[in-house]
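Have a look at entry_21.txt; it's compact mmCIF, C-alpha atoms and all ligand atoms:
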```
# COMPACT_ATOMS: atom_id res chain seq x y z
CA MET K 1 84.98 77.20 131.91
CA LEU K 2 85.54 73.45 132.39
CA LEU K 3 88.84 71.91 131.39
CA GLU K 4 87.92 69.21 128.91
CA LYS K 5 90.17 66.55 130.40
CA SER K 6 88.47 63.64 128.67
CA ALA K 7 88.84 65.35 125.31
CA ILE K 8 92.53 65.99 126.01
CA LYS K 9 93.10 62.31 126.74
CA THR K 10 91.19 61.00 123.75
CA LYS K 11 92.05 63.49 121.02
CA ARG K 12 94.95 65.83 120.46
CA ASP K 13 95.13 65.90 116.66
CA PHE K 14 92.95 68.53 115.03
CA GLU K 15 92.53 70.12 111.63
CA ASN K 16 92.86 73.58 113.15
CA ILE K 17 94.11 74.87 116.49
CA ILE K 18 93.71 78.41 117.83
CA VAL K 19 96.09 79.62 120.54
CA GLY K 20 94.48 82.25 122.78
CA GLY K 21 91.04 82.47 124.36
CA GLY K 22 90.29 86.19 124.24
CA ILE K 23 87.80 87.88 121.92
CA ALA K 24 89.92 87.26 118.80
CA GLY K 25 90.46 83.54 119.44
CA THR K 26 86.92 82.75 120.56
CA ALA K 27 85.43 84.72 117.65
CA ALA K 28 87.66 82.83 115.19
CA ALA K 29 86.66 79.55 116.87
CA TYR K 30 83.00 80.43 116.47
CA PHE K 31 83.17 81.40 112.79
CA LEU K 32 85.35 78.39 111.94
CA ALA K 33 83.19 75.91 113.85
CA LYS K 34 80.05 77.42 112.33
CA SER K 35 81.50 76.90 108.87
CA GLY K 36 81.92 73.19 109.65
CA CYS K 37 85.65 73.12 110.42
CA GLU K 38 87.15 70.93 113.07
CA ILE K 39 88.61 73.36 115.58
CA ALA K 40 90.30 73.31 118.97
CA LEU K 41 91.30 76.30 121.07
CA CYS K 42 94.08 76.27 123.68
CA GLU K 43 94.12 78.95 126.38
CA GLN K 44 96.78 79.03 129.06
CA PHE K 45 94.50 80.40 131.80
CA ASP K 46 90.71 80.58 131.72
CA LEU K 47 88.85 82.20 128.82
CA ASN K 48 88.61 85.99 128.75
CA THR K 49 90.95 86.64 131.66
CA GLN K 50 93.45 88.90 129.87
CA ALA K 51 92.83 92.06 127.80
CA SER K 52 89.46 90.88 126.48
CA GLY K 53 87.99 90.54 129.96
CA ARG K 54 89.67 93.60 131.49
CA ASN K 55 88.92 96.33 129.00
CA ALA K 56 86.53 99.25 129.23
CA GLY K 57 83.91 97.93 126.78
CA SER K 58 84.06 100.89 124.39
CA LEU K 59 83.06 100.18 120.80
CA HIS K 60 85.37 102.53 118.94
CA GLY K 61 84.75 103.84 115.44
CA GLN K 62 86.82 107.01 115.30
CA ILE K 63 90.52 107.80 115.17
CA GLN K 64 91.78 108.25 118.71
CA PHE K 65 92.71 111.84 119.41
CA GLU K 66 95.92 111.25 121.36
CA ALA K 67 97.49 109.30 118.50
CA PHE K 68 96.18 111.81 115.96
CA HIS K 69 97.59 114.70 117.95
CA GLN K 70 100.97 113.05 118.51
CA MET K 71 101.54 111.31 115.17
CA GLY K 72 99.72 113.64 112.80
CA MET K 73 97.89 113.46 109.51
CA GLU K 74 100.23 111.09 107.65
CA TRP K 75 99.91 108.52 110.40
CA ALA K 76 96.11 109.03 110.47
CA LYS K 77 95.92 108.36 106.72
CA SER K 78 97.93 105.16 107.18
CA PHE K 79 95.50 104.15 109.94
CA LEU K 80 92.39 104.44 107.73
CA PRO K 81 92.29 100.74 106.72
CA ALA K 82 92.32 99.84 110.42
CA LEU K 83 89.56 102.38 111.10
CA LYS K 84 87.45 100.86 108.33
CA PHE K 85 88.08 97.44 109.87
CA MET K 86 86.77 98.67 113.24
CA ALA K 87 83.77 100.36 111.67
CA ASP K 88 82.83 97.17 109.83
CA SER K 89 83.30 95.18 113.03
CA LEU K 90 80.85 97.51 114.79
CA ASP K 91 78.26 96.43 112.24
CA ILE K 92 78.75 92.85 113.41
CA TRP K 93 78.42 94.00 117.04
CA GLY K 94 75.01 95.41 116.11
CA SER K 95 73.53 91.95 115.62
CA LEU K 96 75.89 89.89 117.75
CA SER K 97 73.61 89.45 120.76
CA ALA K 98 71.01 87.84 118.52
CA GLU K 99 73.59 85.73 116.69
CA LEU K 100 75.17 84.41 119.90
CA GLU K 101 71.84 84.24 121.75
CA THR K 102 73.27 86.25 124.66
CA ASP K 103 72.53 89.84 125.69
CA LEU K 104 75.98 91.40 125.28
CA GLU K 105 74.63 94.78 126.49
CA VAL K 106 75.49 96.41 123.19
CA PHE K 107 74.40 100.05 122.90
CA ARG K 108 75.28 102.15 119.91
CA ASN K 109 74.15 105.67 120.81
CA GLY K 110 77.29 107.16 119.33
CA GLY K 111 80.53 108.58 120.65
CA LEU K 112 81.42 112.18 121.47
CA MET K 113 85.01 113.39 121.45
CA VAL K 114 84.65 116.73 123.20
CA ALA K 115 87.01 119.67 122.83
CA GLU K 116 87.74 122.55 125.17
CA THR K 117 89.92 124.78 122.99
CA LYS K 118 89.77 126.25 119.51
CA GLN K 119 92.96 124.38 118.60
CA GLU K 120 91.39 121.06 119.64
CA MET K 121 88.26 121.91 117.64
CA ASP K 122 90.38 122.62 114.54
CA LEU K 123 92.14 119.27 114.90
CA LEU K 124 88.81 117.49 115.41
CA ALA K 125 87.52 119.13 112.23
CA GLU K 126 90.50 117.74 110.27
CA LYS K 127 89.98 114.34 111.83
CA VAL K 128 86.27 114.29 110.95
CA ARG K 129 87.02 115.29 107.35
CA LEU K 130 89.48 112.42 107.06
CA GLU K 131 87.02 109.91 108.51
CA GLN K 132 84.35 111.13 106.11
CA THR K 133 86.65 110.31 103.16
CA LEU K 134 86.19 106.66 104.13
CA GLY K 135 82.43 107.02 104.07
CA ILE K 136 82.36 106.66 107.85
CA ALA K 137 79.55 108.63 109.45
CA ALA K 138 81.23 111.35 111.49
CA GLU K 139 80.32 114.98 112.11
CA LEU K 140 81.55 118.03 113.96
CA LEU K 141 79.16 119.52 116.54
CA ASP K 142 79.37 123.09 117.81
CA GLY K 143 78.69 123.89 121.46
CA ASN K 144 74.93 124.26 121.04
CA GLN K 145 74.61 121.04 119.05
CA LEU K 146 76.74 119.25 121.65
CA ARG K 147 74.61 120.42 124.57
CA GLU K 148 71.40 119.56 122.75
CA LYS K 149 72.67 116.02 122.19
CA ALA K 150 74.40 115.60 125.56
CA PRO K 151 73.21 118.13 128.19
CA TYR K 152 75.38 116.42 130.79
CA ILE K 153 78.63 117.65 129.16
CA SER K 154 80.30 120.71 130.75
CA GLU K 155 79.30 124.09 129.33
CA LYS K 156 83.00 124.88 129.03
CA MET K 157 83.33 122.47 126.11
CA LEU K 158 83.32 124.18 122.72
CA GLY K 159 82.05 121.24 120.69
CA ALA K 160 82.75 117.65 119.74
CA ALA K 161 83.38 115.15 117.01
CA PHE K 162 80.37 112.82 116.90
CA SER K 163 80.56 109.28 115.61
CA PRO K 164 77.06 107.76 115.46
CA ILE K 165 78.39 104.20 115.02
CA GLU K 166 80.17 104.04 118.38
CA GLY K 167 78.89 102.63 121.63
CA LYS K 168 79.63 100.04 124.23
CA ALA K 169 79.32 96.36 125.07
CA ASN K 170 79.93 94.23 128.13
CA PRO K 171 83.40 92.69 127.68
CA LEU K 172 82.77 90.13 130.42
CA LEU K 173 80.10 88.53 128.25
CA ALA K 174 81.41 88.65 124.69
CA ALA K 175 84.29 86.14 124.49
CA PRO K 176 82.48 83.59 126.71
CA ALA K 177 79.41 83.89 124.44
CA PHE K 178 81.57 83.32 121.34
CA ALA K 179 83.17 80.30 123.03
CA ALA K 180 79.81 78.84 124.08
CA ALA K 181 78.46 79.25 120.55
CA ALA K 182 81.65 77.73 119.09
CA LYS K 183 81.21 74.71 121.37
CA LYS K 184 77.63 74.30 120.19
CA HIS K 185 79.08 74.01 116.68
CA GLY K 186 81.54 71.35 117.85
CA ALA K 187 84.66 73.35 118.79
CA LYS K 188 86.81 71.92 121.58
CA ILE K 189 87.98 74.46 124.14
CA PHE K 190 91.00 73.60 126.29
CA THR K 191 91.70 75.94 129.19
CA GLY K 192 94.77 75.73 131.42
CA VAL K 193 96.86 74.62 128.43
CA THR K 194 99.93 76.73 127.70
CA VAL K 195 101.47 76.36 124.26
CA HIS K 196 105.23 76.43 124.80
CA SER K 197 106.50 75.84 121.27
CA ILE K 198 105.29 75.14 117.74
CA VAL K 199 107.28 73.21 115.15
CA LYS K 200 106.38 72.60 111.51
CA ASP K 201 106.83 68.93 110.68
CA GLY K 202 106.00 68.34 107.00
CA ASP K 203 102.33 69.20 106.57
CA ILE K 204 101.51 69.42 110.25
CA TYR K 205 102.29 71.68 113.17
CA ARG K 206 103.40 70.05 116.44
CA LEU K 207 102.57 72.01 119.57
CA THR K 208 104.43 71.29 122.80
CA THR K 209 102.06 72.31 125.57
CA SER K 210 101.79 72.11 129.35
CA ASP K 211 99.50 69.15 128.66
CA GLY K 212 101.51 67.17 126.15
CA GLU K 213 101.69 67.36 122.37
CA PHE K 214 98.90 68.60 120.12
CA THR K 215 99.05 68.53 116.32
CA CYS K 216 97.14 70.36 113.62
CA LYS K 217 97.24 71.17 109.93
CA LYS K 218 96.50 74.84 110.44
CA ILE K 219 97.35 77.01 113.39
CA ILE K 220 95.87 80.38 114.28
CA LEU K 221 97.75 82.56 116.77
CA THR K 222 95.50 84.98 118.64
CA SER K 223 97.67 85.06 121.74
CA ASN K 224 98.08 88.88 121.79
CA ALA K 225 100.69 89.58 124.52
CA GLY K 226 101.97 86.02 123.98
CA LEU K 227 102.55 86.60 120.25
CA ALA K 228 106.04 88.02 120.63
CA THR K 229 107.18 84.77 122.25
CA LEU K 230 105.24 82.35 120.04
CA GLY K 231 106.23 84.32 116.93
CA LYS K 232 109.85 83.29 117.51
CA ASN K 233 108.85 79.73 116.54
CA PHE K 234 108.26 81.17 113.06
CA GLY K 235 111.39 83.30 112.99
CA LEU K 236 109.33 86.43 113.63
CA THR K 237 110.31 89.43 115.70
CA LEU K 238 106.99 91.09 116.53
CA PRO K 239 107.28 94.51 118.20
CA ILE K 240 104.26 94.13 120.46
CA THR K 241 104.16 96.56 123.36
CA ASP K 242 102.64 95.93 126.79
CA GLU K 243 101.09 98.86 128.65
CA PRO K 244 99.32 98.28 131.97
CA VAL K 245 96.41 100.70 132.30
CA GLN K 246 93.55 101.27 134.73
CA VAL K 247 89.77 101.37 134.42
CA SER K 248 87.39 102.38 137.23
CA VAL K 249 83.75 101.67 137.92
CA SER K 250 81.43 103.79 140.04
CA GLU K 251 78.46 103.06 142.23
CA ILE K 252 75.16 102.73 140.37
CA ILE K 253 73.52 106.05 139.53
CA GLU K 254 70.42 107.17 137.64
CA PRO K 255 70.71 107.16 133.83
CA LEU K 256 72.89 110.14 132.88
CA VAL K 257 75.47 109.43 130.18
CA LYS K 258 74.01 108.17 126.91
CA HIS K 259 77.16 108.19 124.79
CA LEU K 260 80.71 106.98 124.72
CA VAL K 261 82.56 110.14 125.77
CA TYR K 262 86.18 111.09 125.12
CA PHE K 263 88.08 114.30 125.78
CA SER K 264 90.53 115.65 123.24
CA GLY K 265 92.57 117.49 125.89
CA GLU K 266 93.59 114.53 128.07
CA LYS K 267 93.08 110.79 128.34
CA LEU K 268 89.43 109.87 128.95
CA THR K 269 86.84 107.32 127.97
CA PHE K 270 83.63 107.53 129.88
CA LYS K 271 80.31 105.74 129.58
CA GLN K 272 77.45 104.37 131.66
CA ALA K 273 76.97 100.63 131.79
CA LYS K 274 73.57 98.97 131.55
CA SER K 275 73.75 98.41 135.32
CA GLY K 276 73.92 102.20 135.90
CA SER K 277 77.59 102.27 136.90
CA LEU K 278 79.93 104.73 135.22
CA LEU K 279 82.96 103.20 133.54
CA ILE K 280 85.86 105.63 133.49
CA GLY K 281 89.21 104.99 131.82
CA GLY K 282 91.09 106.17 128.76
CA GLY K 283 94.54 104.68 129.13
CA TRP K 284 95.79 106.06 132.44
CA PRO K 285 98.84 103.97 133.42
CA ALA K 286 99.12 101.59 136.35
CA ARG K 287 102.49 101.64 138.15
CA PHE K 288 104.97 98.79 138.63
CA ASN K 289 105.83 97.45 142.09
CA SER K 290 109.37 96.45 143.09
CA GLU K 291 108.87 93.04 141.46
CA GLY K 292 107.84 94.59 138.15
CA ILE K 293 104.16 93.64 138.60
CA PRO K 294 101.62 96.29 137.51
CA VAL K 295 99.64 97.56 140.47
CA PHE K 296 97.07 100.27 141.14
CA ASN K 297 98.33 103.81 140.63
CA PRO K 298 96.48 106.32 142.85
CA ASP K 299 97.94 109.30 140.94
CA SER K 300 96.46 107.96 137.70
CA LEU K 301 93.10 107.45 139.39
CA ARG K 302 93.10 111.03 140.67
CA SER K 303 94.04 112.38 137.22
CA ASN K 304 91.45 110.21 135.51
CA MET K 305 88.70 111.46 137.86
CA ARG K 306 89.83 115.08 137.50
CA VAL K 307 89.41 114.83 133.73
CA ALA K 308 86.08 113.00 134.02
CA VAL K 309 84.66 115.69 136.34
CA LYS K 310 85.96 118.42 134.08
CA VAL K 311 83.98 116.94 131.18
CA VAL K 312 80.88 115.88 133.16
CA PRO K 313 80.82 118.09 136.29
CA SER K 314 77.65 116.58 137.79
CA ILE K 315 79.44 113.30 138.56
CA ALA K 316 81.69 114.95 141.18
CA PRO K 317 79.86 113.36 144.16
CA VAL K 318 79.66 109.88 142.59
CA ARG K 319 81.79 107.27 144.38
CA ILE K 320 84.23 104.97 142.62
CA ILE K 321 83.89 101.44 143.94
CA ARG K 322 86.64 99.58 142.09
CA THR K 323 89.66 100.17 139.86
CA TRP K 324 91.26 97.34 137.92
CA ILE K 325 94.31 96.90 135.76
CA GLY K 326 94.66 95.34 132.35
CA VAL K 327 97.62 95.09 130.04
CA GLY K 328 96.93 96.71 126.69
CA ASN K 329 98.91 95.54 123.72
CA GLY K 330 99.99 97.68 120.83
CA THR K 331 102.01 97.81 117.64
CA PRO K 332 104.27 100.77 116.74
CA ASP K 333 102.03 101.92 113.87
CA GLN K 334 98.81 101.00 115.72
CA ARG K 335 97.72 98.85 112.79
CA PRO K 336 96.72 95.23 113.34
CA ILE K 337 98.73 92.18 112.35
CA ILE K 338 96.58 89.89 110.25
CA GLY K 339 97.54 87.22 107.76
CA GLU K 340 99.43 84.06 106.94
CA VAL K 341 102.95 83.83 108.34
CA PRO K 342 105.43 84.19 105.47
CA GLY K 343 107.06 80.82 104.72
CA TYR K 344 104.65 78.90 106.99
CA LYS K 345 101.67 77.71 104.99
CA GLY K 346 98.66 77.20 107.21
CA ALA K 347 99.91 79.40 110.08
CA TYR K 348 97.99 82.62 110.72
CA ILE K 349 98.23 85.56 113.10
CA GLY K 350 95.41 87.84 114.23
CA MET K 351 96.09 90.74 116.58
CA PHE K 352 94.33 94.09 116.74
CA PRO K 353 96.12 96.64 118.96
CA TYR K 354 94.53 98.93 121.57
CA MET K 355 90.96 98.58 120.29
CA GLY K 356 90.73 94.84 119.83
CA LEU K 357 87.39 94.47 121.59
CA SER K 358 85.77 96.63 118.92
CA ALA K 359 87.58 94.83 116.10
CA GLY K 360 87.34 91.32 117.60
CA PRO K 361 84.23 90.01 115.84
CA LEU K 362 85.47 90.98 112.38
CA LEU K 363 88.97 89.75 113.18
CA GLY K 364 87.48 86.34 114.01
CA LYS K 365 85.51 86.35 110.77
CA VAL K 366 88.51 87.34 108.65
CA LEU K 367 90.74 84.71 110.27
CA ALA K 368 88.09 82.07 109.57
CA ALA K 369 87.92 83.15 105.93
CA LEU K 370 91.72 82.96 105.59
CA VAL K 371 91.83 79.49 107.13
CA ASN K 372 89.02 78.35 104.83
CA GLY K 373 90.82 79.76 101.79
CA GLU K 374 87.94 82.13 101.09
CA GLN K 375 88.21 85.53 99.48
CA VAL K 376 88.53 88.21 102.16
CA ASP K 377 86.47 91.31 101.38
CA ARG K 378 89.30 93.79 102.03
CA ASP K 379 92.96 94.42 101.33
CA LEU K 380 94.96 92.94 104.20
CA GLN K 381 98.27 94.27 102.89
CA PRO K 382 98.37 97.22 105.39
CA PHE K 383 98.18 94.62 108.16
CA ASP K 384 100.85 92.35 106.73
CA ILE K 385 103.16 90.61 109.19
CA SER K 386 106.22 91.20 107.04
CA ARG K 387 106.19 94.99 107.66
CA PHE K 388 108.03 94.23 110.90
CA ASN K 389 110.40 91.54 109.58
C1 LIG V 401 92.45 98.25 130.45
C2 LIG V 401 92.13 98.05 128.99
C3 LIG V 401 91.09 98.76 128.41
C4 LIG V 401 90.77 98.56 127.07
N1 LIG V 401 89.65 99.16 126.58
C5 LIG V 401 89.22 98.83 125.35
C6 LIG V 401 87.97 99.33 124.89
O1 LIG V 401 87.27 100.02 125.61
N2 LIG V 401 87.58 98.99 123.63
C7 LIG V 401 88.34 98.20 122.82
O2 LIG V 401 87.95 97.98 121.67
N3 LIG V 401 89.50 97.67 123.24
C8 LIG V 401 89.95 97.96 124.49
N4 LIG V 401 91.11 97.43 124.95
C9 LIG V 401 91.89 96.54 124.07
C10 LIG V 401 91.26 95.15 124.00
O3 LIG V 401 90.92 94.69 125.28
C11 LIG V 401 92.24 94.18 123.33
O4 LIG V 401 92.74 94.77 122.14
C12 LIG V 401 91.55 92.87 122.99
O5 LIG V 401 90.90 92.34 124.12
C13 LIG V 401 92.57 91.86 122.47
O6 LIG V 401 91.92 90.63 122.34
P1 LIG V 401 92.75 89.33 122.03
O7 LIG V 401 91.82 88.18 122.00
O8 LIG V 401 93.61 89.57 120.85
O9 LIG V 401 93.77 89.22 123.25
P2 LIG V 401 93.58 88.71 124.77
O10 LIG V 401 92.28 89.03 125.31
O11 LIG V 401 94.79 89.20 125.50
O12 LIG V 401 93.66 87.15 124.60
C14 LIG V 401 94.86 86.48 124.27
C15 LIG V 401 94.86 85.18 125.05
O13 LIG V 401 95.96 84.38 124.65
C16 LIG V 401 96.38 83.64 125.77
N5 LIG V 401 97.74 83.17 125.53
C17 LIG V 401 98.85 83.93 125.35
N6 LIG V 401 99.93 83.14 125.15
C18 LIG V 401 99.50 81.85 125.21
C19 LIG V 401 100.14 80.60 125.09
N7 LIG V 401 101.45 80.50 124.88
N8 LIG V 401 99.40 79.47 125.23
C20 LIG V 401 98.06 79.56 125.44
N9 LIG V 401 97.39 80.73 125.57
C21 LIG V 401 98.10 81.87 125.45
C22 LIG V 401 96.27 84.65 126.90
O14 LIG V 401 96.22 84.03 128.16
C23 LIG V 401 95.00 85.38 126.55
O15 LIG V 401 93.88 84.85 127.20
C24 LIG V 401 91.52 97.64 126.27
C25 LIG V 401 92.58 96.94 126.85
C26 LIG V 401 92.89 97.13 128.19
C27 LIG V 401 94.00 96.33 128.79
```

Target format structure tokens, applied to this file:
Amino acid sequence: MLLEKSAIKTKRDFENIIVGGGIAGTAAAYFLAKSGCEIALCEQFDLNTQASGRNAGSLHGQIQFEAFHQMGMEWAKSFLPALKFMADSLDIWGSLSAELETDLEVFRNGGLMVAETKQEMDLLAEKVRLEQTLGIAAELLDGNQLREKAPYISEKMLGAAFSPIEGKANPLLAAPAFAAAAKKHGAKIFTGVTVHSIVKDGDIYRLTTSDGEFTCKKIILTSNAGLATLGKNFGLTLPITDEPVQVSVSEIIEPLVKHLVYFSGEKLTFKQAKSGSLLIGGGWPARFNSEGIPVFNPDSLRSNMRVAVKVVPSIAPVRIIRTWIGVGNGTPDQRPIIGEVPGYKGAYIGMFPYMGLSAGPLLGKVLAALVNGEQVDRDLQPFDISRFN
């Protein structure tokens, strides 16, 4: 993405500035620019180089089993507004390629969370019942139904939770497509510009950046891992966690895996990309080197592959060609942070933890509505910033 040097020299005062060029920031830029707003986006590196460009491309629409298992039913109930948010965002994904005029390789064949034990099946049944209370399409499959739908799954699996709304997209394409469409609608995108500090000065916000001062009337923070630091400018202490995890890609094989596959016994997400490669992840941790930098963890790779082969035995001979690391960002309750910063009119935060690719398009749309002073079609109270402050 080109650094718009001429634009930097000629204009630094904007109505609205977004900080962060991942899926959330570029989606917000697109919806704001499309609605006729003057918008600039500042990204410290290049677009889509952090979580949004390093994730596994799963489009999630069910409660994740590990969190459900560890935190239980009360937590799961508190997560329902976030689940509804993701499910509604998946609807946007369904028509996003057409809207952005780019093939984002979106497939929505559904997701299977497979179980190996009776105890896992019982928990999946509870989870499905809860999801159904939201009106989200989810069903429990027994072993026969599972094998009919997905013959490639191991015969040892007793059944699965099936979410027909889930699928996958290509994360390398989505944020750049949002940014390109935003530019077509007049948005200015500044890459290589780090926002160091933000100060409210009367009705405007003054941003001190690595490229001089920018000003705006409204500021939208979609800086994800960078939110904890930028939040301090607003007196906020945001408990955002950083977890480096690994994803692996295989050589290209014949079409085999039609669904997004998870395993309720151990960490796994598994799918086949449009190219034919298998994408295998699920949150296995990278390790830190002596300088504290996350690097490849061979033990995690071995464990990840062991689980993948357990669930889909026929992939045992398939070769992995690359493993990469991305830093996933979370919140303690796994709910997003969305809304206006208390006491700072015109300053907004948008961050969706762990599954922010899935939620990104709707997050962008909601942020645009907030900035435009429009009615948002859902209660944002569960996502309120002040729950942490
Ligand atoms: C390995 C991995 C796998 C994942 N798998 C999935 C998945 O399959 N499905 C799914 O839905 N989600 C997945 N996620 C989560 C998802 O990738 C993130 O939730 C989502 O990308 C967050 O998007 P974002 O735009 O908020 O943040 P980011 O993509 O992190 O973008 C924030 C941007 O802000 C910039 N920034 C920060 N501070 C500043 C500053 N001071 N000045 C200027 N710019 C700044 C950063 O450089 C960055 O580009 C995964 C994450 C990881 C790491």

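Of the residues under consideration (K:Gly346, K:Gly292, K:Gly111, K:Pro361), K:Gly346 shows the shortest atom-to-atom contact distance to Lys217 of chain K when counting only C-alpha atoms.
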
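Between ligand LIG 401 (chain V) and the residues K:Asn372, K:Thr229, K:Asn389, K:Asn109, the shortest atom-to-atom distance, using only C-alpha atoms and all ligand atoms, involves K:Thr229.
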
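Here atom CA of Gly159 of chain K stands at a distance of 7.4 Å from atom CA of Glu116 of chain K.
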
Please build the interface table for segment 127-205 of chain K against segment 120-123 of chain K with a cut-off of 8 Å, listing for each qualifying residue the nearest atom pair and the distance in Å to one decimal; count only C-alpha atoms, order rows by chain and increasing number, and write it as CSV.
```
residue,atom,partner,partner_atom,distance
K:Lys127,CA,K:Leu123,CA,6.2
K:Leu158,CA,K:Met121,CA,7.4
K:Gly159,CA,K:Met121,CA,7.0
K:Ala160,CA,K:Met121,CA,7.3
```

Could I get the residues of chain K with an atom no further than 7 Å from an atom of ligand LIG 401 (chain V), each paired with its nearest atom pair and that distance in Å to one decimal, using all atoms listed in the file, sorted by chain and residue number, as a tab-separated table?
```
residue	atom	partner	partner_atom	distance
K:Val19	CA	V:LIG401	C20	5.3
K:Gly20	CA	V:LIG401	O13	3.2
K:Gly21	CA	V:LIG401	O15	4.7
K:Gly22	CA	V:LIG401	O7	3.4
K:Ile23	CA	V:LIG401	O7	4.0
K:Ala24	CA	V:LIG401	O7	3.8
K:Gly25	CA	V:LIG401	O7	5.5
K:Cys42	CA	V:LIG401	C20	5.5
K:Glu43	CA	V:LIG401	N9	3.8
K:Gln44	CA	V:LIG401	C20	3.9
K:Phe45	CA	V:LIG401	O14	5.4
K:Asp46	CA	V:LIG401	O15	7.0
K:Leu47	CA	V:LIG401	O15	5.9
K:Asn48	CA	V:LIG401	O15	5.6
K:Thr49	CA	V:LIG401	O15	5.6
K:Gln50	CA	V:LIG401	O11	4.6
K:Ala51	CA	V:LIG401	O10	4.0
K:Ser52	CA	V:LIG401	O5	3.1
K:Gly53	CA	V:LIG401	O10	6.5
K:Arg54	CA	V:LIG401	C1	5.5
K:Asn55	CA	V:LIG401	C3	3.3
K:Ala56	CA	V:LIG401	O1	3.8
K:Gly57	CA	V:LIG401	O1	4.1
K:Ser58	CA	V:LIG401	O1	3.5
K:Leu59	CA	V:LIG401	O2	5.4
K:His60	CA	V:LIG401	O2	5.9
K:Val193	CA	V:LIG401	C20	5.9
K:Thr194	CA	V:LIG401	N8	3.7
K:Val195	CA	V:LIG401	N8	3.9
K:His196	CA	V:LIG401	N7	5.6
K:Thr222	CA	V:LIG401	O8	5.4
K:Ser223	CA	V:LIG401	O13	3.4
K:Asn224	CA	V:LIG401	O9	4.6
K:Ala225	CA	V:LIG401	O11	6.0
K:Gly226	CA	V:LIG401	N6	3.7
K:Leu227	CA	V:LIG401	N6	6.5
K:Leu230	CA	V:LIG401	N7	6.4
K:Pro244	CA	V:LIG401	C27	6.5
K:Val245	CA	V:LIG401	C1	5.0
K:Gln246	CA	V:LIG401	C1	5.4
K:Val247	CA	V:LIG401	C1	5.7
K:Gly283	CA	V:LIG401	C1	6.9
K:Ile325	CA	V:LIG401	C1	5.8
K:Gly326	CA	V:LIG401	C27	3.8
K:Val327	CA	V:LIG401	C27	4.0
K:Gly328	CA	V:LIG401	C27	3.6
K:Asn329	CA	V:LIG401	O4	6.4
K:Met351	CA	V:LIG401	O8	5.1
K:Phe352	CA	V:LIG401	O4	5.7
K:Pro353	CA	V:LIG401	O4	5.0
K:Tyr354	CA	V:LIG401	C9	4.4
K:Met355	CA	V:LIG401	O2	3.4
K:Gly356	CA	V:LIG401	O4	3.1
K:Leu357	CA	V:LIG401	O2	3.6
K:Ser358	CA	V:LIG401	O2	3.8
K:Ala359	CA	V:LIG401	O2	6.4
K:Gly360	CA	V:LIG401	O6	6.6
```

Please write as a VMD selection string the list of polymer residues whose atoms come within 12 Å of (79.6, 84.6, 115.5), counting only C-alpha atoms and keeping to the coordinates of the file.
-> chain K and resid 23 to 35 89 92 to 102 174 to 185 360 to 366 368

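Excluding Glu38 of chain K and any residue on its chain fewer than 2 positions from it, the residues at most 7 Å away by all atoms listed in the file are Phe14, Glu15, Asn16, Ala33, Gly36 and Ala187 of chain K.
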
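Separating atom CA of Ile220 of chain K from atom CA of Thr331 of chain K is a distance of 18.8 Å.
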
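Reported to one decimal place, the separation of atom CA of Lys77 of chain K from atom CA of Ile349 of chain K is 23.8 Å.
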